[in-house]
>>> print(open('input-v5.cif').read())   # mmCIF, C-alpha atoms
data_structure
loop_
_atom_site.label_atom_id
_atom_site.label_comp_id
_atom_site.auth_asym_id
_atom_site.auth_seq_id
_atom_site.Cartn_x
_atom_site.Cartn_y
_atom_site.Cartn_z
CA MET T 451 140.30 162.48 -4.06
CA ILE T 452 140.05 163.97 -0.57
CA THR T 453 141.94 167.11 0.36
CA ILE T 454 142.02 168.22 3.98
CA ASN T 455 143.49 171.62 4.70
CA ASP T 456 144.19 172.97 8.19
CA LEU T 457 141.28 171.08 9.75
CA HIS T 458 140.32 172.15 13.25
CA PHE T 459 137.69 170.38 15.27
CA HIS T 460 136.68 170.31 18.90
CA TYR T 461 133.84 168.98 21.04
CA GLY T 462 133.22 171.78 23.54
CA LYS T 463 136.60 172.51 25.05
CA LYS T 464 138.12 169.22 23.99
CA ASP T 465 140.33 169.71 20.94
CA VAL T 466 140.26 166.82 18.46
CA PHE T 467 142.16 168.32 15.50
CA LYS T 468 144.34 171.39 15.51
CA GLY T 469 145.43 172.03 11.94
CA VAL T 470 145.35 168.66 10.16
CA SER T 471 146.28 168.74 6.47
CA THR T 472 146.52 165.74 4.17
CA THR T 473 145.54 164.31 0.79
CA LEU T 474 143.94 160.91 0.26
CA GLU T 475 144.13 159.39 -3.21
CA PRO T 476 141.94 156.88 -5.01
CA GLY T 477 143.18 153.32 -5.50
CA HIS T 478 144.18 152.84 -1.89
CA ILE T 479 142.81 151.43 1.32
CA TYR T 480 143.74 153.76 4.16
CA GLY T 481 143.84 152.32 7.65
CA ILE T 482 143.26 154.89 10.39
CA LEU T 483 144.82 153.88 13.69
CA GLY T 484 144.81 155.67 17.02
CA LYS T 485 143.86 155.37 20.64
CA ASN T 486 140.25 155.79 21.70
CA GLY T 487 139.20 159.42 21.53
CA THR T 488 141.90 160.56 19.09
CA GLY T 489 139.40 161.45 16.38
CA LYS T 490 139.28 158.40 14.09
CA SER T 491 135.50 158.55 13.83
CA THR T 492 135.47 162.36 13.81
CA LEU T 493 137.76 162.35 10.79
CA LEU T 494 135.39 160.02 8.91
CA TYR T 495 132.34 162.07 9.93
CA THR T 496 133.85 165.34 8.74
CA ILE T 497 134.74 163.76 5.37
CA ALA T 498 131.20 162.41 5.11
CA GLY T 499 129.73 165.88 5.78
CA LEU T 500 128.08 164.75 9.01
CA LEU T 501 130.26 167.05 11.15
CA TYR T 502 131.55 170.45 10.07
CA PRO T 503 135.13 171.69 10.41
CA LYS T 504 135.38 174.46 13.02
CA GLN T 505 138.17 175.94 10.92
CA GLY T 506 139.97 174.90 7.72
CA SER T 507 138.45 173.02 4.79
CA ILE T 508 137.78 169.60 3.32
CA ARG T 509 137.23 168.86 -0.35
CA VAL T 510 135.89 165.52 -1.57
CA ASN T 511 135.82 165.12 -5.35
CA GLY T 512 135.82 168.92 -5.48
CA PHE T 513 132.81 169.30 -3.15
CA ALA T 514 132.66 170.73 0.35
CA PRO T 515 131.11 167.82 2.30
CA GLY T 516 129.17 170.08 4.68
CA SER T 517 127.10 171.49 1.78
CA ARG T 518 125.77 167.97 1.14
CA GLN T 519 125.13 168.53 -2.55
CA PRO T 520 123.64 165.56 -4.46
CA GLY T 521 126.80 165.21 -6.58
CA PHE T 522 128.74 164.73 -3.36
CA LEU T 523 126.26 162.50 -1.53
CA GLN T 524 125.90 159.95 -4.33
CA GLU T 525 129.67 159.42 -4.37
CA VAL T 526 130.22 158.98 -0.63
CA PHE T 527 129.13 156.11 1.57
CA MET T 528 129.72 155.91 5.28
CA VAL T 529 129.35 152.79 7.43
CA PRO T 530 129.26 154.11 11.02
CA GLU T 531 129.97 151.95 14.02
CA GLU T 532 126.49 152.54 15.42
CA PHE T 533 123.68 152.82 12.92
CA TYR T 534 119.97 152.51 12.47
CA LEU T 535 118.25 150.42 9.81
CA PRO T 536 114.48 150.67 9.28
CA ASN T 537 112.26 147.70 10.02
CA ILE T 538 111.72 146.58 6.46
CA SER T 539 112.83 143.67 4.28
CA ILE T 540 116.17 143.63 2.47
CA PRO T 541 114.55 143.95 -1.00
CA ASP T 542 112.55 146.97 0.23
CA PHE T 543 115.68 148.51 1.70
CA VAL T 544 117.37 148.16 -1.68
CA LYS T 545 114.31 149.52 -3.46
CA TYR T 546 114.07 152.67 -1.32
CA TYR T 547 117.73 153.47 -0.75
CA SER T 548 119.57 152.39 -3.91
CA PRO T 549 118.13 155.21 -6.11
CA PHE T 550 120.34 157.63 -4.12
CA TYR T 551 123.37 155.88 -5.63
CA PRO T 552 123.26 155.93 -9.45
CA LYS T 553 126.08 153.36 -9.76
CA PHE T 554 124.44 150.91 -7.33
CA ASP T 555 125.08 147.31 -8.41
CA ARG T 556 122.14 145.13 -7.40
CA ASP T 557 123.74 141.86 -8.50
CA ALA T 558 126.86 142.61 -6.50
CA PHE T 559 124.75 143.41 -3.44
CA TYR T 560 122.87 140.10 -3.57
CA GLY T 561 126.17 138.35 -4.27
CA PHE T 562 127.53 139.75 -1.00
CA MET T 563 124.34 138.70 0.83
CA LYS T 564 124.96 135.20 -0.44
CA SER T 565 128.61 135.17 0.60
CA PHE T 566 127.58 136.40 4.07
CA ASP T 567 124.90 133.66 4.22
CA ILE T 568 122.04 136.13 4.64
CA PRO T 569 118.82 135.01 2.90
CA ALA T 570 117.95 137.65 0.30
CA GLY T 571 114.36 138.10 1.46
CA SER T 572 115.14 138.57 5.17
CA LEU T 573 113.61 141.27 7.33
CA LEU T 574 116.09 143.72 8.85
CA GLN T 575 113.91 143.61 11.93
CA GLY T 576 115.15 141.00 14.35
CA MET T 577 118.58 140.66 12.76
CA SER T 578 121.58 140.69 15.07
CA TYR T 579 123.95 143.66 15.11
CA GLY T 580 126.53 141.65 13.17
CA GLN T 581 124.04 140.67 10.46
CA LYS T 582 122.75 144.21 10.08
CA LYS T 583 126.31 145.37 9.80
CA LYS T 584 126.93 142.91 6.97
CA VAL T 585 123.87 144.23 5.13
CA TYR T 586 125.01 147.81 5.65
CA ILE T 587 128.58 147.14 4.49
CA SER T 588 127.37 145.15 1.48
CA PHE T 589 125.05 148.00 0.54
CA GLY T 590 127.90 150.50 0.88
CA VAL T 591 130.26 148.48 -1.30
CA ALA T 592 127.53 147.80 -3.87
CA SER T 593 126.72 151.54 -4.01
CA ASN T 594 130.00 151.94 -5.93
CA ALA T 595 130.45 155.33 -4.33
CA SER T 596 133.98 156.53 -5.02
CA VAL T 597 134.57 157.28 -1.34
CA LEU T 598 133.87 154.48 1.10
CA LEU T 599 134.24 155.25 4.80
CA MET T 600 134.02 152.46 7.36
CA ASP T 601 134.22 152.93 11.10
CA GLU T 602 135.38 149.72 12.80
CA PRO T 603 133.79 147.47 10.16
CA SER T 604 135.00 144.22 11.70
CA ASN T 605 133.49 144.98 15.12
CA GLY T 606 130.73 142.57 15.99
CA LEU T 607 131.54 140.11 13.20
CA ASP T 608 132.38 136.46 13.89
CA ILE T 609 135.56 134.85 12.59
CA ILE T 610 134.01 133.50 9.37
CA SER T 611 132.33 136.80 8.63
CA LYS T 612 135.58 138.68 9.12
CA GLY T 613 137.06 136.57 6.32
CA GLN T 614 134.03 137.32 4.14
CA LEU T 615 134.40 141.02 4.97
CA ARG T 616 138.01 140.93 3.80
CA LYS T 617 136.93 139.34 0.51
CA VAL T 618 134.21 141.94 0.00
CA ILE T 619 136.64 144.81 0.66
CA ALA T 620 139.37 143.27 -1.52
CA GLY T 621 136.87 143.00 -4.37
CA ALA T 622 135.66 146.57 -3.81
CA THR T 623 139.08 148.12 -4.30
CA THR T 624 139.49 149.81 -7.67
CA GLU T 625 141.70 152.55 -9.07
CA THR T 626 138.87 155.05 -8.73
CA LYS T 627 137.84 154.29 -5.16
CA THR T 628 139.22 155.78 -1.97
CA ILE T 629 138.55 153.49 0.98
CA LEU T 630 139.10 154.64 4.58
CA ILE T 631 138.84 152.19 7.42
CA SER T 632 139.24 153.02 11.07
CA SER T 633 140.16 150.10 13.22
CA HIS T 634 141.66 149.26 16.54
CA GLN T 635 141.61 145.58 15.66
CA VAL T 636 144.52 145.92 13.30
CA GLN T 637 145.05 142.24 12.64
CA ASP T 638 141.53 141.86 11.19
CA LEU T 639 142.35 143.93 8.13
CA ASP T 640 146.10 144.30 7.95
CA ASN T 641 146.61 142.60 4.58
CA LEU T 642 144.09 144.96 3.01
CA ILE T 643 145.47 148.27 4.20
CA ASP T 644 148.17 149.75 1.96
CA GLU T 645 148.37 153.22 3.51
CA VAL T 646 148.41 153.90 7.22
CA LEU T 647 147.36 157.02 9.12
CA ILE T 648 148.10 157.25 12.81
CA LEU T 649 146.21 159.87 14.81
CA ASP T 650 147.37 161.15 18.16
CA ASP T 651 147.17 164.32 20.18
CA THR T 652 145.12 166.43 17.72
CA GLU T 653 147.20 165.58 14.66
CA ILE T 654 148.17 162.94 12.13
CA ILE T 655 151.48 161.78 13.55
CA LEU T 656 152.19 159.35 10.74
CA LYS T 657 150.94 158.90 7.17
CA GLN T 658 152.81 156.29 5.18
CA ASN T 659 152.53 153.88 2.31
CA LEU T 660 153.31 150.41 3.68
CA ASP T 661 155.66 149.54 0.80
CA ALA T 662 157.65 152.65 1.71
CA VAL T 663 157.63 151.62 5.37
CA SER T 664 158.97 148.22 4.43
CA ARG T 665 161.85 149.85 2.53
CA LYS T 666 162.80 151.97 5.52
CA LEU T 667 162.08 149.72 8.49
CA LEU T 668 162.88 146.10 9.23
CA PHE T 669 160.44 143.97 11.21
CA LYS T 670 161.95 140.74 12.42
CA ILE T 671 161.86 138.03 15.00
CA SER T 672 165.34 137.97 16.40
CA LEU T 673 167.26 135.56 18.59
CA ASP T 674 170.32 137.78 18.59
CA PRO T 675 170.52 140.19 21.56
CA GLU T 676 172.69 142.43 19.34
CA ASP T 677 169.55 143.35 17.43
CA LEU T 678 168.08 144.96 20.54
CA LYS T 679 170.85 147.56 20.74
CA ASP T 680 169.75 149.59 17.76
CA ALA T 681 166.06 148.59 17.89
CA LEU T 682 163.51 151.37 17.58
CA TYR T 683 161.06 149.17 19.39
CA SER T 684 161.05 145.61 20.63
CA GLU T 685 158.92 143.14 22.50
CA SER T 686 160.07 139.89 23.98
CA ILE T 687 158.24 136.80 22.82
CA LEU T 688 158.70 133.08 23.39
CA ARG T 689 161.15 132.64 20.51
CA GLY T 690 163.24 135.74 21.16
CA ASN T 691 162.25 139.30 20.38
CA THR T 692 160.14 141.01 17.78
CA VAL T 693 162.18 143.98 16.72
CA VAL T 694 161.58 147.11 14.66
CA LYS T 695 164.77 148.69 13.40
CA LYS T 696 166.14 150.79 10.58
CA ASN T 697 166.35 148.80 7.36
CA GLU T 698 169.99 149.36 6.60
CA HIS T 699 170.70 146.49 4.22
CA ALA T 700 167.64 146.67 1.96
CA GLU T 701 166.13 143.57 3.50
CA GLU T 702 162.50 142.84 2.87
CA SER T 703 160.09 142.15 5.69
CA ARG T 704 156.40 142.16 6.32
CA VAL T 705 155.21 145.36 7.98
CA ASP T 706 153.62 144.47 11.29
CA LEU T 707 151.00 147.20 11.73
CA GLU T 708 150.66 146.64 15.43
CA LEU T 709 154.41 146.99 15.96
CA LEU T 710 154.55 150.00 13.64
CA TYR T 711 151.79 151.60 15.70
CA LYS T 712 153.46 150.86 19.02
CA ALA T 713 156.87 152.01 17.77
CA THR T 714 155.33 155.25 16.52
CA MET T 715 153.49 155.89 19.78
CA ALA T 716 156.70 155.20 21.73
CA ASN T 717 158.79 157.65 19.75
CA PRO T 718 156.86 159.65 17.15
CA GLU T 719 159.61 162.13 16.31
CA LYS T 720 162.24 159.47 15.62
CA MET T 721 159.86 157.39 13.52
CA LYS T 722 158.82 160.45 11.54
CA SER T 723 162.42 161.41 10.84
CA ILE T 724 163.34 157.90 9.67
CA LEU T 725 160.26 157.46 7.52
CA SER T 726 160.50 160.88 5.90
CA LEU T 727 163.96 160.07 4.48
CA ASN T 728 163.95 159.04 0.86
CA MET V 943 145.99 131.01 2.93
CA GLU V 944 147.86 131.40 6.18
CA PHE V 945 150.45 134.16 5.98
CA LYS V 946 153.74 133.87 7.80
CA GLU V 947 154.86 136.54 10.21
CA THR V 948 157.96 138.06 8.70
CA GLN V 949 158.01 137.55 4.92
CA PRO V 950 156.40 140.40 2.91
CA ILE V 951 152.94 139.41 1.71
CA TYR V 952 153.74 140.04 -1.96
CA LEU V 953 156.59 137.51 -1.77
CA GLN V 954 154.40 134.98 0.04
CA ILE V 955 151.90 135.31 -2.79
CA ALA V 956 154.78 134.87 -5.25
CA ASP V 957 155.61 131.59 -3.49
CA TYR V 958 151.99 130.53 -3.82
CA VAL V 959 151.93 131.30 -7.55
CA CYS V 960 155.29 129.57 -8.11
CA GLU V 961 154.04 126.49 -6.32
CA LYS V 962 151.01 126.36 -8.62
CA ILE V 963 153.34 126.57 -11.62
CA VAL V 964 155.99 124.12 -10.39
CA THR V 965 153.33 121.53 -9.52
CA LYS V 966 151.72 122.06 -12.96
CA ALA V 967 148.41 123.13 -11.47
CA TRP V 968 148.97 126.12 -13.77
CA ASN V 969 150.67 125.20 -17.05
CA ALA V 970 152.81 127.12 -19.54
CA GLU V 971 150.82 129.51 -21.75
CA GLU V 972 147.82 129.14 -19.45
CA ARG V 973 146.01 132.25 -18.23
CA ILE V 974 146.24 132.81 -14.48
CA PRO V 975 143.64 134.44 -12.18
CA ALA V 976 143.16 138.18 -12.62
CA VAL V 977 144.54 140.52 -9.96
CA ARG V 978 141.16 141.14 -8.35
CA GLU V 979 140.19 137.47 -8.39
CA LEU V 980 143.33 136.39 -6.54
CA ALA V 981 143.07 139.38 -4.14
CA VAL V 982 139.55 138.33 -3.17
CA GLN V 983 140.57 134.70 -2.81
CA LEU V 984 143.55 135.54 -0.60
CA GLU V 985 141.80 138.46 1.19
CA VAL V 986 144.55 140.94 0.40
CA ASN V 987 144.82 144.37 -1.20
CA PRO V 988 144.77 144.08 -5.03
CA ASN V 989 147.81 146.39 -5.16
CA THR V 990 149.76 143.66 -3.36
CA VAL V 991 148.80 141.03 -5.96
CA MET V 992 149.72 143.54 -8.68
CA ARG V 993 153.16 143.85 -7.11
CA THR V 994 153.53 140.06 -7.03
CA TYR V 995 152.60 139.77 -10.70
CA GLU V 996 155.05 142.51 -11.68
CA PHE V 997 157.76 140.80 -9.68
CA LEU V 998 157.10 137.44 -11.40
CA GLN V 999 157.13 139.10 -14.81
CA GLN V 1000 160.62 140.41 -14.08
CA LYS V 1001 161.64 136.85 -13.25
CA ASP V 1002 160.21 135.61 -16.59
CA ILE V 1003 157.78 133.38 -14.78
CA LEU V 1004 154.71 135.24 -16.04
CA TYR V 1005 154.06 137.42 -19.05
CA ASN V 1006 151.42 140.02 -19.76
CA GLN V 1007 149.33 139.99 -22.90
CA ARG V 1008 147.87 143.46 -23.01
CA GLY V 1009 144.11 143.55 -22.66
CA VAL V 1010 143.90 139.77 -22.32
CA GLY V 1011 145.58 138.97 -19.03
CA LEU V 1012 148.57 137.31 -17.45
CA PHE V 1013 149.94 133.99 -18.60
CA VAL V 1014 152.49 131.47 -17.41
CA ALA V 1015 155.68 131.97 -19.46
CA ALA V 1016 156.92 129.17 -21.71
CA GLU V 1017 159.90 128.68 -19.39
CA GLY V 1018 157.75 129.59 -16.38
CA ALA V 1019 158.05 126.29 -14.53
CA LYS V 1020 161.82 126.20 -14.96
CA ASN V 1021 162.24 129.80 -13.80
CA ALA V 1022 159.81 129.36 -10.91
CA LEU V 1023 161.76 126.34 -9.71
CA LYS V 1024 165.05 128.21 -9.98
CA TYR V 1025 163.64 131.16 -8.03
CA ARG V 1026 162.09 129.00 -5.29
CA GLN V 1027 165.29 126.98 -4.92
CA SER V 1028 167.37 130.09 -4.38
CA GLU V 1029 164.81 131.44 -1.90
CA PHE V 1030 164.82 128.15 -0.03
CA ILE V 1031 168.61 128.12 0.17
CA GLN V 1032 168.79 131.72 1.33
CA LYS V 1033 165.81 131.96 3.63
CA GLU V 1034 164.76 128.57 4.93
CA MET V 1035 167.96 126.56 5.07
CA PRO V 1036 169.83 128.75 7.58
CA SER V 1037 167.22 128.25 10.32
CA PHE V 1038 166.99 124.55 9.49
CA PHE V 1039 170.78 124.25 9.74
CA ARG V 1040 170.72 126.21 12.97
CA SER V 1041 168.41 123.61 14.50
CA MET V 1042 170.59 120.80 13.16
CA VAL V 1043 173.70 122.25 14.78
CA LEU V 1044 171.82 122.82 18.01
CA LEU V 1045 170.59 119.22 18.00
CA GLN V 1046 174.01 117.87 16.98
CA MET V 1047 172.79 116.31 13.76
CA ASP V 1048 174.65 115.87 10.52
CA VAL V 1049 173.44 115.85 6.92
CA SER V 1050 173.96 112.07 6.79
CA ASP V 1051 171.46 111.69 9.66
CA LEU V 1052 168.76 113.12 7.42
CA GLU V 1053 169.02 110.76 4.48
CA SER V 1054 166.82 107.96 5.77
CA TYR V 1055 164.13 110.45 6.86
CA PHE V 1056 164.22 112.16 3.50
CA LYS V 1057 163.88 108.84 1.66
CA LYS V 1058 160.95 107.85 3.87
CA TYR V 1059 159.29 111.22 3.29
CA LYS V 1060 159.64 110.94 -0.48
CA LYS V 1061 158.18 107.45 -0.41
CA SER V 1062 155.03 108.53 1.44
CA ASN V 1063 154.67 111.80 -0.52
CA PRO V 1064 155.30 110.82 -4.12
#
>>> encode(input="input-v5.cif", output="structure tokens")
Amino acid sequence: MITINDLHFHYGKKDVFKGVSTTLEPGHIYGILGKNGTGKSTLLYTIAGLLYPKQGSIRVNGFAPGSRQPGFLQEVFMVPEEFYLPNISIPDFVKYYSPFYPKFDRDAFYGFMKSFDIPAGSLLQGMSYGQKKKVYISFGVASNASVLLMDEPSNGLDIISKGQLRKVIAGATTETKTILISSHQVQDLDNLIDEVLILDDTEIILKQNLDAVSRKLLFKISLDPEDLKDALYSESILRGNTVVKKNEHAEESRVDLELLYKATMANPEKMKSILSLN
Amino acid sequence: MEFKETQPIYLQIADYVCEKIVTKAWNAEERIPAVRELAVQLEVNPNTVMRTYEFLQQKDILYNQRGVGLFVAAEGAKNALKYRQSEFIQKEMPSFFRSMVLLQMDVSDLESYFKKYKKSNP
């Protein structure tokens, strides 16, 4: 469980967060969306205890991340977008780093290596960025830390590996784990995310469960120009228009994260008021 | 599995499960894949598969044996067929009919094609 209360953060004079408060619960995969520079990575880093709030507080499993107590560190794993791995073999990496994570599952880790087609004895030295990333993500998932933070995990992965990544993340999801993923490549992970957070202009402008979104909004491909009249957002495509509108007749549709994001950016206040209705 | 654009994922997974049951790939009283197993296979959030399984239990297509797992109901195939038929009539037929009207075709024009199709896909 992650509780963020009145979080303020800035880099020099540039404000990133001005009073963000939210609660993130286990059992979900949170997708963090936002333009470049809106604080997606900063949010992950403050939860991981790698950056400190300038004001306000964060609690992760009852710990203040910035204190970096062992009880906190063994339950949190962060996969940054840029990272360094030492020049050693995979088995040595496991040997030296897994003792920090008491629930580390060695069999699961080597299972992931196999599904990513990485020979178990490989040297980290000389691996491509994508391969190193697969090792890092596999290690993070196998750590069984209850908080898993991933910054753009699909970046640098080829098409096949993206599928493998989705399988690894799907298998990692349990009732006791809180998974946060920042991504600007929404379509890579959209069937995994069940809660969405949209960051913009120093705040969380939207935090919603996708089942709730699907009850309140209708996403459809429409050939009927009438649908455009009361659309909250629309885009014209070859077959007509993709439309986001209020779900007035309890229809069921698949939430299109990209459209939800664009609709929210186009009119945050309206989207907030519609989605906050019960 | 390729997901379609507009249908909610949990219902698309329900279609997938129903197809397994209707085609007897999964038989009555047989245990079906656990939530996590199917989530990994389909690369989706396990909560979504959970929702599918709950939905199919309400339709008496699956039943839950506590602590053991989920099974295909005795009348599962019959109920799955009934559910898929009504979905087909409500969701797929209108757009098919729309094309037929647009292309000035009648139901009688389809018969020979349908017979041919059934012959080559027994």
>>> closest_residue(input="input-v5.cif", among="T:Glu525, T:Asp674, T:Asp650, T:Asp542", to="Ser686 in chain T", atoms="only C-alpha atoms")
T:Asp674
>>> atom_distance(input="input-v5.cif", atom1="CA of Lys553 in chain T", atom2="CA of Asn594 in chain T")
5.7 Å
>>> closest_atom_pairs(input="input-v5.cif", of="chain V", to="chain T", cutoff="12 Å", atoms="all atoms listed in the file", output="CSV")
residue,atom,partner,partner_atom,distance
V:Met943,CA,T:Gly613,CA,11.1
V:Glu944,CA,T:Asn641,CA,11.4
V:Phe945,CA,T:Asn641,CA,9.4
V:Lys946,CA,T:Arg704,CA,8.8
V:Glu947,CA,T:Arg704,CA,7.0
V:Thr948,CA,T:Arg704,CA,5.0
V:Gln949,CA,T:Arg704,CA,5.1
V:Pro950,CA,T:Arg704,CA,3.8
V:Ile951,CA,T:Arg704,CA,6.4
V:Tyr952,CA,T:Arg704,CA,9.0
V:Leu953,CA,T:Glu702,CA,9.2
V:Gln954,CA,T:Arg704,CA,9.7
V:Ile955,CA,T:Asn641,CA,11.6
V:Ala976,CA,T:Gly621,CA,11.4
V:Val977,CA,T:Gly621,CA,9.8
V:Arg978,CA,T:Gly621,CA,6.1
V:Glu979,CA,T:Gly621,CA,7.6
V:Leu980,CA,T:Ala620,CA,9.4
V:Ala981,CA,T:Ala620,CA,6.0
V:Val982,CA,T:Lys617,CA,4.6
V:Gln983,CA,T:Lys617,CA,6.8
V:Leu984,CA,T:Lys617,CA,7.7
V:Glu985,CA,T:Lys617,CA,5.0
V:Val986,CA,T:Leu642,CA,4.8
V:Asn987,CA,T:Leu642,CA,4.3
V:Pro988,CA,T:Ala620,CA,6.5
V:Asn989,CA,T:Asp644,CA,7.9
V:Thr990,CA,T:Asp644,CA,8.2
V:Val991,CA,T:Ala620,CA,10.7
V:Arg993,CA,T:Asp661,CA,10.1
V:Lys1033,CA,T:Glu702,CA,11.4
V:Ser1037,CA,T:Leu673,CA,11.0
V:Arg1040,CA,T:Leu673,CA,11.4
>>> residues_around(input="input-v5.cif", residues="Lys722 in chain T", least_positions_apart="4", cutoff="7 Å", atoms="only C-alpha atoms", output="list in words")
Leu656, Pro718 and Ser726 of chain T
>>> write_last_selection(input="input-v5.cif", atoms="C-alpha atoms", output="CSV table (one decimal), in the frame of the given file")
chain,number,residue,atom,x,y,z
T,656,LEU,CA,152.2,159.4,10.7
T,718,PRO,CA,156.9,159.6,17.2
T,726,SER,CA,160.5,160.9,5.9
>>> atom_distance(input="input-v5.cif", atom1="CA of Leu607 in chain T", atom2="CA of Glu708 in chain T")
20.3 Å
>>> residues_around(input="input-v5.cif", residues="Met528 in chain T", least_positions_apart="5", cutoff="8 Å", atoms="all atoms listed in the file", output="JSON, numbers by chain")
{"T": [494, 498, 590, 598, 599, 600, 601]}
>>> atom_distance(input="input-v5.cif", atom1="CA of Tyr1005 in chain V", atom2="CA of Val959 in chain V")
13.2 Å
>>> closest_residue(input="input-v5.cif", among="T:Ile452, T:Leu673, T:Glu719, T:Leu707", to="Pro476 in chain T", atoms="all atoms listed in the file")
T:Ile452
>>> residues_near_point(input="input-v5.cif", point="(146.0, 164.3, 10.6)", cutoff="10 Å", atoms="all atoms listed in the file", output="ChimeraX atom specification")
/T:454-457,467-473,482,489-490,493,647-657
>>> residues_near_point(input="input-v5.cif", point="(136.6, 153.3, -0.8)", cutoff="6 Å", atoms="all atoms listed in the file", output="number ranges by chain")
T: 596-598, 627-629
>>> residues_around(input="input-v5.cif", residues="Pro520 in chain T", least_positions_apart="5", cutoff="12 Å", atoms="all atoms listed in the file", output="number ranges by chain")
T: 499, 513-515, 525-526, 549-552
>>> write_last_selection(input="input-v5.cif", atoms="C-alpha atoms", output="PDB file, in the coordinates of the input")
ATOM      1  CA  GLY T 499     129.730 165.880   5.780  1.00  0.00           C
ATOM      2  CA  PHE T 513     132.810 169.300  -3.150  1.00  0.00           C
ATOM      3  CA  ALA T 514     132.660 170.730   0.350  1.00  0.00           C
ATOM      4  CA  PRO T 515     131.110 167.820   2.300  1.00  0.00           C
ATOM      5  CA  GLU T 525     129.670 159.420  -4.370  1.00  0.00           C
ATOM      6  CA  VAL T 526     130.220 158.980  -0.630  1.00  0.00           C
ATOM      7  CA  PRO T 549     118.130 155.210  -6.110  1.00  0.00           C
ATOM      8  CA  PHE T 550     120.340 157.630  -4.120  1.00  0.00           C
ATOM      9  CA  TYR T 551     123.370 155.880  -5.630  1.00  0.00           C
ATOM     10  CA  PRO T 552     123.260 155.930  -9.450  1.00  0.00           C
TER      11      PRO T 552
END
>>> resolve_selection(input="input-v5.cif", expression="the PyMOL selection byres ((chain V and resi 970) around 6)", output="PyMOL selection string")
chain V and resi 969+971-972+1014-1016
>>> residues_around(input="input-v5.cif", residues="Val694 in chain T", least_positions_apart="5", cutoff="8 Å", atoms="all atoms listed in the file", output="PyMOL selection string")
chain T and resi 667-670+681-684+709-710+713
